[in-house]
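Chemist: Input structure: model.cif, which contains mmCIF, C-alpha atoms.
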data_coords
#
loop_
_atom_site.label_atom_id
_atom_site.label_comp_id
_atom_site.auth_asym_id
_atom_site.auth_seq_id
_atom_site.Cartn_x
_atom_site.Cartn_y
_atom_site.Cartn_z
CA MET A 7 -11.86 -23.26 7.99
CA ILE A 8 -8.82 -21.03 7.59
CA ALA A 9 -7.37 -19.51 10.74
CA ILE A 10 -5.80 -16.05 10.47
CA VAL A 11 -3.49 -15.83 13.45
CA ASP A 12 -4.21 -12.73 15.51
CA TYR A 13 -1.32 -11.98 17.84
CA GLY A 14 -1.92 -8.24 18.13
CA VAL A 15 0.08 -7.18 15.10
CA GLY A 16 -1.29 -5.51 12.04
CA ASN A 17 -4.54 -4.85 10.36
CA LEU A 18 -6.39 -8.04 9.49
CA PHE A 19 -9.51 -6.47 8.06
CA SER A 20 -8.53 -6.66 4.37
CA LEU A 21 -7.13 -10.15 4.67
CA LYS A 22 -10.31 -11.44 6.28
CA SER A 23 -12.48 -9.64 3.72
CA SER A 24 -10.50 -10.90 0.74
CA LEU A 25 -10.79 -14.52 1.89
CA ARG A 26 -14.52 -14.08 2.44
CA VAL A 27 -14.91 -12.68 -1.07
CA ILE A 28 -13.39 -15.82 -2.58
CA GLY A 29 -15.78 -17.92 -0.51
CA ALA A 30 -13.43 -19.23 2.16
CA GLU A 31 -14.62 -19.85 5.68
CA VAL A 32 -12.29 -17.84 7.84
CA GLN A 33 -11.69 -16.99 11.48
CA VAL A 34 -9.41 -14.30 12.85
CA THR A 35 -8.21 -15.86 16.06
CA GLY A 36 -5.69 -15.88 18.85
CA ASP A 37 -7.17 -19.10 20.26
CA ALA A 38 -4.88 -22.14 20.09
CA GLU A 39 -7.84 -24.54 19.85
CA VAL A 40 -9.31 -22.74 16.84
CA ILE A 41 -5.92 -22.85 15.12
CA ARG A 42 -5.62 -26.58 15.90
CA ASN A 43 -9.07 -27.19 14.44
CA SER A 44 -8.39 -25.21 11.27
CA GLU A 45 -7.55 -26.72 7.91
CA LYS A 46 -5.03 -24.04 7.00
CA ILE A 47 -3.22 -21.26 8.80
CA ILE A 48 -2.34 -17.76 7.65
CA LEU A 49 0.30 -15.83 9.58
CA PRO A 50 0.06 -12.11 8.74
CA GLY A 51 2.25 -9.30 10.01
CA VAL A 52 3.32 -5.72 9.55
CA GLY A 53 5.74 -3.59 11.52
CA ALA A 54 9.05 -4.56 13.10
CA PHE A 55 10.35 -8.13 13.26
CA GLU A 56 11.50 -8.07 16.88
CA ASP A 57 8.22 -6.76 18.19
CA ALA A 58 6.17 -9.21 16.10
CA ILE A 59 8.07 -12.39 16.94
CA LYS A 60 8.09 -11.39 20.60
CA LYS A 61 4.31 -10.97 20.58
CA LEU A 62 3.88 -14.28 18.76
CA ARG A 63 6.01 -16.07 21.38
CA GLU A 64 4.26 -14.34 24.28
CA THR A 65 0.94 -15.71 23.07
CA GLY A 66 2.46 -19.18 22.81
CA LEU A 67 1.00 -19.44 19.33
CA ASP A 68 4.46 -19.95 17.80
CA LYS A 69 4.47 -23.48 19.28
CA VAL A 70 0.95 -24.19 18.10
CA ILE A 71 1.89 -23.15 14.55
CA LEU A 72 5.03 -25.30 14.59
CA GLU A 73 3.08 -28.32 15.85
CA GLU A 74 0.38 -27.94 13.21
CA VAL A 75 2.92 -27.44 10.42
CA ALA A 76 4.74 -30.60 11.57
CA LYS A 77 1.46 -32.48 11.09
CA GLY A 78 1.39 -31.28 7.48
CA LYS A 79 -1.12 -28.43 7.75
CA PRO A 80 -0.54 -25.72 5.09
CA LEU A 81 0.76 -22.43 6.46
CA LEU A 82 0.97 -19.14 4.56
CA GLY A 83 3.06 -16.31 5.95
CA ILE A 84 2.38 -12.87 4.48
CA CYS A 85 4.91 -10.00 4.45
CA LEU A 86 6.41 -9.90 7.95
CA GLY A 87 4.58 -13.19 8.53
CA MET A 88 6.70 -14.71 5.76
CA GLN A 89 9.89 -13.21 7.16
CA MET A 90 9.18 -14.88 10.50
CA LEU A 91 9.29 -18.30 8.81
CA PHE A 92 13.07 -17.95 8.47
CA GLU A 93 15.87 -18.79 10.89
CA LYS A 94 17.02 -15.26 11.51
CA SER A 95 16.33 -11.61 10.87
CA TYR A 96 18.87 -8.82 10.93
CA GLU A 97 16.28 -6.06 11.26
CA TYR A 98 17.74 -3.75 13.96
CA GLY A 99 19.85 -6.44 15.65
CA GLU A 100 19.75 -10.18 15.26
CA HIS A 101 16.57 -12.09 16.03
CA GLN A 102 15.55 -15.74 15.86
CA GLY A 103 12.62 -16.58 13.64
CA LEU A 104 10.50 -19.73 13.53
CA GLY A 105 13.19 -21.59 11.57
CA LEU A 106 10.79 -23.34 9.20
CA ILE A 107 12.81 -22.29 6.13
CA SER A 108 16.60 -21.92 5.87
CA GLY A 109 17.83 -18.42 5.21
CA SER A 110 17.71 -15.03 6.83
CA VAL A 111 16.02 -11.67 6.50
CA LYS A 112 18.30 -8.74 5.66
CA PRO A 113 17.95 -5.11 4.58
CA ILE A 114 17.50 -4.61 0.85
CA ALA A 115 19.37 -1.28 0.74
CA PRO A 116 22.89 -2.80 0.38
CA VAL A 117 21.88 -5.23 -2.38
CA ILE A 118 19.80 -3.00 -4.67
CA THR A 119 21.09 -0.42 -7.15
CA GLU A 120 22.12 2.80 -5.48
CA GLY A 121 19.58 5.58 -5.79
CA LEU A 122 16.54 3.29 -5.70
CA LYS A 123 14.13 4.16 -2.95
CA VAL A 124 13.63 2.11 0.19
CA PRO A 125 11.10 0.75 1.06
CA HIS A 126 10.36 -1.16 -2.12
CA ILE A 127 6.79 0.05 -2.37
CA GLY A 128 4.25 -0.43 -5.14
CA TRP A 129 3.27 -2.92 -7.83
CA ASN A 130 5.96 -5.17 -9.24
CA ALA A 131 5.91 -8.16 -11.58
CA LEU A 132 6.32 -11.70 -10.30
CA LEU A 133 9.04 -13.73 -11.99
CA PHE A 134 9.21 -17.50 -11.63
CA PRO A 135 12.76 -18.89 -11.45
CA LYS A 136 11.56 -22.49 -11.71
CA ASP A 137 8.38 -24.50 -12.27
CA LYS A 138 5.30 -22.56 -11.29
CA SER A 139 4.27 -23.05 -7.67
CA GLY A 140 0.78 -24.36 -6.95
CA LEU A 141 0.10 -20.98 -5.39
CA TYR A 142 0.33 -19.44 -8.86
CA ARG A 143 -1.84 -21.90 -10.71
CA TYR A 144 -4.37 -19.20 -11.62
CA ILE A 145 -1.91 -16.49 -12.62
CA ASN A 146 0.91 -15.98 -15.11
CA GLU A 147 4.50 -14.88 -14.81
CA GLY A 148 4.78 -11.11 -15.20
CA GLU A 149 1.55 -10.28 -13.38
CA CYS A 150 1.94 -7.57 -10.75
CA VAL A 151 1.42 -7.74 -7.01
CA TYR A 152 1.72 -5.11 -4.27
CA PHE A 153 4.87 -4.86 -2.14
CA VAL A 154 5.79 -2.74 0.87
CA HIS A 155 9.04 -3.77 2.54
CA SER A 156 12.56 -2.67 3.44
CA PHE A 157 13.87 -6.14 4.35
CA ALA A 158 13.85 -9.34 2.31
CA ALA A 159 14.62 -13.03 2.68
CA MET A 160 18.10 -13.93 1.45
CA ASP A 161 20.27 -17.07 1.21
CA CYS A 162 17.18 -19.18 0.62
CA ASP A 163 17.51 -20.01 -3.10
CA SER A 164 16.15 -23.54 -2.88
CA ALA A 165 12.90 -22.28 -1.34
CA VAL A 166 12.30 -19.31 -3.67
CA THR A 167 9.26 -19.68 -5.94
CA ALA A 168 9.06 -16.10 -7.23
CA THR A 169 11.25 -13.03 -7.37
CA ALA A 170 10.69 -9.37 -8.16
CA GLU A 171 13.27 -7.22 -9.91
CA TYR A 172 14.15 -4.01 -8.05
CA GLY A 173 17.78 -3.28 -8.72
CA ALA A 174 18.33 -6.89 -7.63
CA MET A 175 16.25 -10.04 -7.67
CA LEU A 176 14.34 -9.83 -4.41
CA THR A 177 12.62 -12.84 -2.88
CA ALA A 178 8.90 -12.45 -3.56
CA SER A 179 7.72 -15.84 -2.33
CA VAL A 180 9.03 -19.06 -0.83
CA GLU A 181 7.80 -22.59 -0.34
CA LYS A 182 9.01 -25.63 1.53
CA LYS A 183 6.64 -28.59 1.63
CA ASN A 184 3.48 -27.30 3.33
CA VAL A 185 5.00 -23.95 4.32
CA TYR A 186 4.37 -20.99 2.01
CA GLY A 187 5.32 -17.35 2.26
CA THR A 188 4.71 -14.23 0.20
CA GLN A 189 6.65 -11.02 0.72
CA PHE A 190 3.92 -9.15 -1.17
CA HIS A 191 0.37 -8.58 0.05
CA PRO A 192 -2.06 -10.82 -1.88
CA GLU A 193 -4.94 -9.15 -0.03
CA LYS A 194 -3.90 -5.82 -1.61
CA SER A 195 -3.01 -7.13 -5.06
CA GLY A 196 -6.40 -6.90 -6.73
CA GLU A 197 -7.68 -9.83 -8.81
CA VAL A 198 -4.22 -11.39 -9.05
CA GLY A 199 -3.93 -11.46 -5.29
CA LEU A 200 -7.37 -12.99 -4.87
CA LYS A 201 -6.40 -15.74 -7.32
CA ILE A 202 -3.29 -16.50 -5.28
CA LEU A 203 -5.34 -16.70 -2.08
CA LYS A 204 -7.86 -18.92 -3.86
CA ALA A 205 -5.05 -21.28 -4.88
CA PHE A 206 -3.85 -21.44 -1.28
CA CYS A 207 -7.37 -22.18 -0.05
CA GLU A 208 -7.60 -25.07 -2.50
CA LEU A 209 -4.27 -26.67 -1.58
CA MET B 24 10.85 -3.13 -12.01
CA ILE B 25 8.41 -1.24 -9.89
CA THR B 26 5.56 0.22 -11.93
CA LYS B 27 4.39 3.83 -12.00
CA ARG B 28 1.16 4.21 -10.06
CA ILE B 29 -2.03 5.89 -11.25
CA ILE B 30 -4.21 7.03 -8.37
CA PRO B 31 -7.77 8.39 -8.59
CA CYS B 32 -8.82 10.53 -5.67
CA LEU B 33 -12.43 10.45 -4.42
CA ASP B 34 -13.80 13.25 -2.26
CA VAL B 35 -16.46 11.92 0.07
CA ARG B 36 -19.04 14.00 1.90
CA ASP B 37 -21.96 12.59 3.90
CA GLY B 38 -21.21 9.13 2.57
CA ARG B 39 -21.31 10.11 -1.09
CA VAL B 40 -18.67 10.87 -3.68
CA VAL B 41 -18.74 14.55 -4.51
CA LYS B 42 -18.55 15.38 -8.21
CA GLY B 43 -19.59 11.88 -9.23
CA VAL B 44 -20.52 11.72 -12.90
CA ASN B 45 -21.66 9.36 -15.59
CA PHE B 46 -19.97 6.08 -16.28
CA GLU B 47 -21.45 3.55 -18.59
CA GLY B 48 -22.63 0.52 -16.68
CA LEU B 49 -22.26 2.20 -13.34
CA SER B 50 -25.66 3.05 -11.94
CA ASP B 51 -24.62 4.83 -8.78
CA VAL B 52 -21.58 6.99 -9.43
CA SER B 53 -21.98 8.74 -6.11
CA SER B 54 -21.44 5.55 -4.18
CA PRO B 55 -17.84 5.37 -2.94
CA VAL B 56 -18.02 1.57 -3.11
CA ALA B 57 -19.35 1.45 -6.69
CA LEU B 58 -16.97 4.08 -8.01
CA GLY B 59 -14.00 2.66 -6.09
CA LYS B 60 -14.76 -0.79 -7.43
CA PHE B 61 -15.08 0.59 -10.95
CA TYR B 62 -11.63 2.15 -10.71
CA SER B 63 -10.14 -0.92 -9.07
CA ASP B 64 -11.54 -3.16 -11.84
CA ASN B 65 -10.22 -0.75 -14.45
CA GLY B 66 -6.58 -0.57 -13.52
CA ALA B 67 -6.27 2.00 -10.72
CA ASP B 68 -3.18 1.11 -8.71
CA GLU B 69 -4.38 2.68 -5.51
CA LEU B 70 -7.33 4.75 -4.31
CA VAL B 71 -7.40 7.85 -2.17
CA PHE B 72 -10.55 8.59 -0.21
CA TYR B 73 -10.70 12.10 1.06
CA ASP B 74 -13.12 12.90 3.86
CA ILE B 75 -14.42 16.42 3.32
CA THR B 76 -17.13 16.21 5.98
CA ALA B 77 -17.08 18.79 8.69
CA SER B 78 -19.40 17.24 11.27
CA VAL B 79 -18.84 14.49 13.80
CA GLU B 80 -21.79 12.55 12.35
CA GLY B 81 -20.28 12.84 8.90
CA ARG B 82 -17.01 11.48 10.21
CA GLY B 83 -18.72 8.42 11.63
CA LEU B 84 -20.52 7.85 8.36
CA PHE B 85 -17.25 8.16 6.46
CA THR B 86 -15.72 5.46 8.63
CA ASP B 87 -18.68 3.17 7.95
CA ILE B 88 -18.30 3.77 4.22
CA LEU B 89 -14.58 3.09 4.42
CA ARG B 90 -15.25 -0.26 6.07
CA GLU B 91 -17.60 -1.17 3.27
CA VAL B 92 -15.09 -0.08 0.63
CA ALA B 93 -12.30 -2.07 2.26
CA SER B 94 -14.42 -5.20 2.45
CA GLN B 95 -14.92 -5.16 -1.32
CA ILE B 96 -11.89 -3.50 -2.88
CA PHE B 97 -8.50 -5.17 -2.62
CA ILE B 98 -5.96 -2.59 -3.72
CA PRO B 99 -4.14 -0.17 -1.41
CA LEU B 100 -6.40 2.46 0.13
CA THR B 101 -5.19 5.80 1.39
CA VAL B 102 -7.43 7.94 3.54
CA GLY B 103 -7.09 11.66 4.12
CA GLY B 104 -9.14 14.49 5.54
CA GLY B 105 -9.78 15.17 9.20
CA ILE B 106 -6.61 13.43 10.38
CA ASN B 107 -5.58 15.48 13.40
CA ALA B 108 -4.52 12.97 16.02
CA LEU B 109 -3.28 9.42 16.51
CA GLU B 110 -6.87 8.38 17.23
CA ASP B 111 -7.77 9.39 13.68
CA PHE B 112 -5.05 7.11 12.33
CA ASP B 113 -6.39 4.34 14.49
CA ARG B 114 -9.98 4.99 13.42
CA VAL B 115 -9.32 4.69 9.68
CA LEU B 116 -6.68 1.94 9.85
CA LYS B 117 -9.09 -0.28 11.78
CA CYS B 118 -11.59 0.13 8.95
CA GLY B 119 -9.20 -1.11 6.33
CA ALA B 120 -7.11 1.90 5.24
CA ASP B 121 -3.51 1.03 4.44
CA LYS B 122 -2.06 4.51 4.49
CA VAL B 123 -3.13 7.74 6.09
CA SER B 124 -2.58 11.11 4.51
CA VAL B 125 -1.95 14.09 6.78
CA ASN B 126 -1.95 17.73 5.74
CA SER B 127 -3.31 20.46 8.02
CA GLY B 128 -3.18 18.10 11.01
CA ALA B 129 0.59 17.95 10.61
CA ILE B 130 0.89 21.71 10.15
CA LYS B 131 -1.01 22.27 13.41
CA ASN B 132 0.95 19.57 15.22
CA PRO B 133 4.10 18.40 13.41
CA SER B 134 4.89 15.74 16.02
CA LEU B 135 1.83 13.85 14.74
CA VAL B 136 4.01 12.65 11.85
CA LEU B 137 6.66 11.36 14.24
CA GLU B 138 4.20 9.67 16.59
CA ALA B 139 2.24 8.05 13.78
CA ALA B 140 5.36 6.78 12.02
CA LYS B 141 6.61 5.28 15.26
CA LYS B 142 3.32 3.58 15.97
CA TYR B 143 2.23 2.46 12.50
CA GLY B 144 5.45 2.50 10.48
CA ASP B 145 6.78 5.00 7.94
CA GLN B 146 5.01 3.28 5.06
CA CYS B 147 1.68 4.21 6.64
CA VAL B 148 2.25 7.97 6.88
CA VAL B 149 1.68 10.01 3.74
CA LEU B 150 2.45 13.71 3.92
CA SER B 151 0.25 15.79 1.67
CA VAL B 152 1.49 19.31 0.99
CA ASP B 153 -0.43 22.12 -0.73
CA MET B 154 2.30 24.18 -2.35
CA LYS B 155 2.31 27.52 -4.11
CA ARG B 156 4.96 29.92 -5.40
CA VAL B 157 5.32 33.17 -3.46
CA ASP B 158 8.13 35.54 -4.45
CA GLY B 159 10.01 32.74 -6.17
CA LYS B 160 9.79 30.36 -3.22
CA PHE B 161 7.59 27.31 -2.72
CA MET B 162 5.42 27.91 0.33
CA VAL B 163 3.13 25.60 2.30
CA PHE B 164 -0.50 26.67 2.19
CA ALA B 165 -3.29 25.67 4.57
CA LYS B 166 -7.10 25.81 4.52
CA GLY B 167 -7.45 24.42 1.03
CA GLY B 168 -4.87 26.76 -0.39
CA ARG B 169 -6.28 29.98 1.06
CA GLU B 170 -3.75 30.66 3.79
CA ASN B 171 0.01 30.99 3.51
CA THR B 172 1.55 29.26 6.54
CA GLY B 173 4.82 31.12 6.09
CA MET B 174 6.69 27.81 5.97
CA GLU B 175 8.98 27.00 3.07
CA ALA B 176 7.72 23.80 1.47
CA LEU B 177 11.04 22.11 0.78
CA SER B 178 12.27 22.42 4.35
CA TRP B 179 8.83 21.34 5.63
CA ILE B 180 9.01 18.21 3.49
CA LYS B 181 12.56 17.43 4.64
CA ARG B 182 11.53 17.91 8.26
CA CYS B 183 8.55 15.55 7.89
CA GLU B 184 10.63 12.97 6.04
CA LYS B 185 13.06 12.94 8.96
CA MET B 186 10.13 12.40 11.32
CA GLY B 187 9.03 9.39 9.30
CA ALA B 188 6.73 10.48 6.48
CA GLY B 189 6.91 7.56 4.04
CA GLU B 190 5.49 9.25 0.94
CA ILE B 191 4.96 12.81 -0.19
CA VAL B 192 1.95 14.04 -2.16
CA VAL B 193 2.81 17.29 -3.88
CA ASN B 194 -0.33 19.31 -4.66
CA SER B 195 0.57 22.29 -6.77
CA ILE B 196 -1.95 25.04 -6.14
CA ASP B 197 -0.43 26.91 -9.09
CA THR B 198 -1.40 24.20 -11.58
CA ASP B 199 -4.42 22.71 -9.81
CA GLY B 200 -7.54 22.90 -11.94
CA VAL B 201 -5.67 24.47 -14.85
CA LYS B 202 -5.40 21.14 -16.71
CA LYS B 203 -2.24 22.16 -18.53
CA GLY B 204 -0.05 19.47 -17.02
CA PHE B 205 1.65 18.66 -13.72
CA ASP B 206 3.93 21.23 -12.10
CA LEU B 207 7.21 19.72 -13.29
CA GLU B 208 9.39 22.46 -11.87
CA MET B 209 7.90 22.13 -8.40
CA LEU B 210 8.00 18.33 -8.53
CA GLU B 211 11.63 18.32 -9.59
CA ALA B 212 12.53 20.56 -6.67
CA VAL B 213 10.83 18.09 -4.30
CA CYS B 214 12.40 15.01 -5.94
CA ASP B 215 15.83 16.59 -5.50
CA ILE B 216 15.53 16.85 -1.75
CA THR B 217 13.63 13.71 -0.79
CA SER B 218 14.38 10.00 -0.94
CA VAL B 219 10.84 8.74 -0.30
CA PRO B 220 8.25 8.17 -3.03
CA VAL B 221 6.73 11.32 -4.54
CA ILE B 222 3.15 11.47 -5.80
CA ALA B 223 2.32 14.23 -8.25
CA SER B 224 -1.02 15.98 -7.91
CA GLY B 225 -2.64 18.99 -9.56
CA GLY B 226 -2.78 19.91 -13.19
CA ALA B 227 -3.38 16.73 -15.16
CA GLY B 228 -5.64 17.45 -18.13
CA CYS B 229 -4.93 14.62 -20.55
CA MET B 230 -3.00 11.39 -20.97
CA GLN B 231 0.03 13.15 -22.42
CA ASP B 232 0.44 15.03 -19.14
CA PHE B 233 1.18 11.73 -17.39
CA VAL B 234 3.62 10.71 -20.13
CA ASP B 235 5.40 14.08 -19.78
CA LEU B 236 5.46 13.71 -16.01
CA PHE B 237 7.11 10.27 -15.93
CA GLN B 238 9.46 10.99 -18.84
CA ALA B 239 10.66 14.32 -17.46
CA LEU B 240 10.88 13.13 -13.88
CA PRO B 241 11.64 9.40 -13.60
CA LYS B 242 11.91 9.83 -9.83
CA VAL B 243 8.20 10.58 -9.51
CA ASP B 244 6.42 7.39 -8.48
CA ALA B 245 2.78 8.16 -9.06
CA GLY B 246 0.29 10.52 -10.61
CA LEU B 247 -2.87 11.44 -8.75
CA ALA B 248 -5.94 13.08 -10.24
CA ALA B 249 -9.65 13.41 -9.60
CA SER B 250 -11.86 15.17 -12.10
CA ILE B 251 -10.24 13.94 -15.33
CA PHE B 252 -10.95 10.39 -14.20
CA HIS B 253 -14.38 11.17 -12.74
CA PHE B 254 -15.52 13.04 -15.83
CA GLY B 255 -14.29 10.27 -18.08
CA GLU B 256 -11.82 12.54 -19.87
CA VAL B 257 -9.12 9.99 -19.21
CA ALA B 258 -9.92 6.28 -18.89
CA ILE B 259 -7.30 4.48 -16.84
CA PRO B 260 -6.95 1.45 -19.19
CA ASP B 261 -6.23 3.84 -22.08
CA LEU B 262 -3.79 5.77 -19.94
CA LYS B 263 -1.95 2.56 -19.01
CA LYS B 264 -1.75 1.62 -22.66
CA THR B 265 -0.39 5.03 -23.60
CA LEU B 266 2.22 4.83 -20.84
CA ALA B 267 3.34 1.43 -22.11
CA GLU B 268 3.61 2.74 -25.67
CA ASN B 269 5.94 5.40 -24.32
CA ASN B 270 8.09 2.83 -22.53
CA ILE B 271 6.85 3.82 -19.11
CA ILE B 272 6.39 0.74 -16.98
CA ALA B 273 2.86 0.52 -15.66
CA ARG B 274 0.72 -2.34 -14.40
CA ARG B 275 -1.75 -3.57 -17.00
#
Reformat the file's structure so that it appears as structure tokens.
Modeler:
Amino acid sequence: MIAIVDYGVGNLFSLKSSLRVIGAEVQVTGDAEVIRNSEKIILPGVGAFEDAIKKLRETGLDKVILEEVAKGKPLLGICLGMQMLFEKSYEYGEHQGLGLISGSVKPIAPVITEGLKVPHIGWNALLFPKDKSGLYRYINEGECVYFVHSFAAMDCDSAVTATAEYGAMLTASVEKKNVYGTQFHPEKSGEVGLKILKAFCEL
Amino acid sequence: MITKRIIPCLDVRDGRVVKGVNFEGLSDVSSPVALGKFYSDNGADELVFYDITASVEGRGLFTDILREVASQIFIPLTVGGGINALEDFDRVLKCGADKVSVNSGAIKNPSLVLEAAKKYGDQCVVLSVDMKRVDGKFMVFAKGGRENTGMEALSWIKRCEKMGAGEIVVNSIDTDGVKKGFDLEMLEAVCDITSVPVIASGGAGCMQDFVDLFQALPKVDAGLAASIFHFGEVAIPDLKKTLAENNIIARR
């Protein structure tokens, strides 16, 4: 069973539905026991970093996630859920993340070509800077996924498994041992996204 | 690079797609789920579902339909029609919408844009504007294009962008239904004053109209249309191929 962590942030309907469509057993839950009994964890998130990490800590689920990850359980952070995997975010101030992956989350505006719109919103191609991650076993480089974000993970080169070109090479996904993160929304990326979720379910 | 988006718009009344037509291999073209899935499988980058029901019962039915659509279609979904309050945002977002399009609701109560952007994020709030030329100026029209609000469209758009509108849909009443191409002059005027994504709507009659749109105005992010897709005059896979042949980056 895959646990989608519900800590009061974001719309989990599509994520739950997409996992069901690929045949995964899934529970949307804020219950620590259910998360402990799961085989894999997905940490979703939309909105502001500060608010989200605060809510996650208030529920105490941050500790549960860290404990389970330490035991080797696969974790997938999506969008803001991926950004929370990092040490720090500079979204309106400076905030501590879960610290599972080295690097920090910073605004994309200063690094992209002037005149490009922020947020980076729409379908963009995935580029693989090194050997293909297991998450991408069913897709090819150049296939498009759906992004909506104004901040991105930076200074995390060793963990980057995919980038997207938008006036700069933006971090599209990261991986460190059993911890995975996608800046894009696989649950909104059509067939390609479903194949990525399927690969995660099969890890 | 980010790809140009092609967006079919489906009008839904009493749980059915209005103006549904014949597609080969699609038995129920009036089913929002079947038609939405057809478009999603055939390269649509996003779908807009527009609720044109007037009654409370119809609204409830629309929400049920939306839930069904969102449980089977995994591309971004925008919902418009009958969005007059924060509760309406909440209602459709809970059923799987990703973005909410406001038009007359924002005209009646502009602070709705601000409140919604604060609560759900800018990326969630799409401002849809029905625009028409009056005495050389672009004016905002209400009631499906029948009533001049007296507001100048460009300043209305700027005002809503400041309040947090994350995307602008420009519906040109002047070119709508004419099928002679998008309103490039109007779209350029909007692109010049806004820094959020602009979606062109109204006037597409053939594939070349989309090529002309993206070549003339690289700042336009997406093209939206209804009947040319519904009536099979333009098939999205062919359109994507044509865009690529003209060096316009689109998702295949």
Chemist: Between atom CA of Ile84 of chain A and atom CA of Glu39 of chain A, what distance in Å does the model show, to one decimal?
Modeler: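 Between atom CA of Ile84 of chain A and atom CA of Glu39 of chain A the gap is 21.8 Å.
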Chemist: What residues in chain A lie within 9 Å of chain B, counting all atoms listed in the file, written as a ChimeraX atom specification?
Modeler: /A:16-24,26-27,52-54,121-131,149-150,152,154-155,170-173,192-197,199-200
Chemist: State, in Å with one decimal place, the distance from atom CA of Ala205 of chain A to atom CA of Thr169 of chain A.
Modeler: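 Separation between atom CA of Ala205 of chain A and atom CA of Thr169 of chain A: 18.4 Å.
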Chemist: I want to know what sits within 9 Å of Gln102 of chain A, based on only C-alpha atoms, with residues of the same chain fewer than 5 positions away left out; could you give that as an MDAnalysis selection string?
Modeler: chainID A and resid 56 59 90 92:95
Chemist: Would you work out the distance separating atom CA of Ile28 of chain A from atom CA of Leu209 of chain A, expressed in Å to one decimal?
Modeler: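 Separation between atom CA of Ile28 of chain A and atom CA of Leu209 of chain A: 14.2 Å.
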Chemist: Between A:Glu73, A:Glu100, A:Asp12, A:Asp137, which one has atoms that come closest to Pro50 of chain A, using only C-alpha atoms?
Modeler: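 Between A:Glu73, A:Glu100, A:Asp12, A:Asp137, the residue approaching Pro50 of chain A most closely is A:Asp12.
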Chemist: For Ala140 of chain B, find every residue with an atom within 12 Å (counting all atoms listed in the file), except residues of its own chain fewer than 4 positions away, and show them as a PyMOL selection string.
Modeler: (chain A and resi 53-54) or (chain B and resi 109+112+122-125+133-136+144-150+183-190)
Chemist: Take segment 115-126 of chain B, model N, CA and C atoms, and hand the result over as a PDB file, in the coordinates of the input.
Modeler:
ATOM      1  N   VAL B 115      -9.215   5.078  11.089  1.00  0.00           N
ATOM      2  CA  VAL B 115      -9.320   4.690   9.680  1.00  0.00           C
ATOM      3  C   VAL B 115      -8.537   3.412   9.371  1.00  0.00           C
ATOM      4  N   LEU B 116      -7.449   3.173  10.102  1.00  0.00           N
ATOM      5  CA  LEU B 116      -6.680   1.940   9.850  1.00  0.00           C
ATOM      6  C   LEU B 116      -7.503   0.717  10.238  1.00  0.00           C
ATOM      7  N   LYS B 117      -8.250   0.836  11.320  1.00  0.00           N
ATOM      8  CA  LYS B 117      -9.090  -0.280  11.780  1.00  0.00           C
ATOM      9  C   LYS B 117     -10.168  -0.617  10.761  1.00  0.00           C
ATOM     10  N   CYS B 118     -10.532   0.356   9.947  1.00  0.00           N
ATOM     11  CA  CYS B 118     -11.590   0.130   8.950  1.00  0.00           C
ATOM     12  C   CYS B 118     -11.029  -0.279   7.611  1.00  0.00           C
ATOM     13  N   GLY B 119      -9.744  -0.544   7.550  1.00  0.00           N
ATOM     14  CA  GLY B 119      -9.200  -1.110   6.330  1.00  0.00           C
ATOM     15  C   GLY B 119      -8.326  -0.191   5.497  1.00  0.00           C
ATOM     16  N   ALA B 120      -8.061   1.051   5.970  1.00  0.00           N
ATOM     17  CA  ALA B 120      -7.110   1.900   5.240  1.00  0.00           C
ATOM     18  C   ALA B 120      -5.715   1.317   5.394  1.00  0.00           C
ATOM     19  N   ASP B 121      -4.888   1.502   4.369  1.00  0.00           N
ATOM     20  CA  ASP B 121      -3.510   1.030   4.440  1.00  0.00           C
ATOM     21  C   ASP B 121      -2.550   2.156   4.755  1.00  0.00           C
ATOM     22  N   LYS B 122      -2.907   3.335   4.265  1.00  0.00           N
ATOM     23  CA  LYS B 122      -2.060   4.510   4.490  1.00  0.00           C
ATOM     24  C   LYS B 122      -2.956   5.664   4.897  1.00  0.00           C
ATOM     25  N   VAL B 123      -2.373   6.594   5.623  1.00  0.00           N
ATOM     26  CA  VAL B 123      -3.130   7.740   6.090  1.00  0.00           C
ATOM     27  C   VAL B 123      -2.408   9.004   5.650  1.00  0.00           C
ATOM     28  N   SER B 124      -3.163   9.889   5.037  1.00  0.00           N
ATOM     29  CA  SER B 124      -2.580  11.110   4.510  1.00  0.00           C
ATOM     30  C   SER B 124      -2.851  12.260   5.474  1.00  0.00           C
ATOM     31  N   VAL B 125      -1.786  12.943   5.874  1.00  0.00           N
ATOM     32  CA  VAL B 125      -1.950  14.090   6.780  1.00  0.00           C
ATOM     33  C   VAL B 125      -1.532  15.371   6.067  1.00  0.00           C
ATOM     34  N   ASN B 126      -2.267  16.437   6.345  1.00  0.00           N
ATOM     35  CA  ASN B 126      -1.950  17.730   5.740  1.00  0.00           C
ATOM     36  C   ASN B 126      -2.021  18.792   6.827  1.00  0.00           C
TER      37      ASN B 126
END
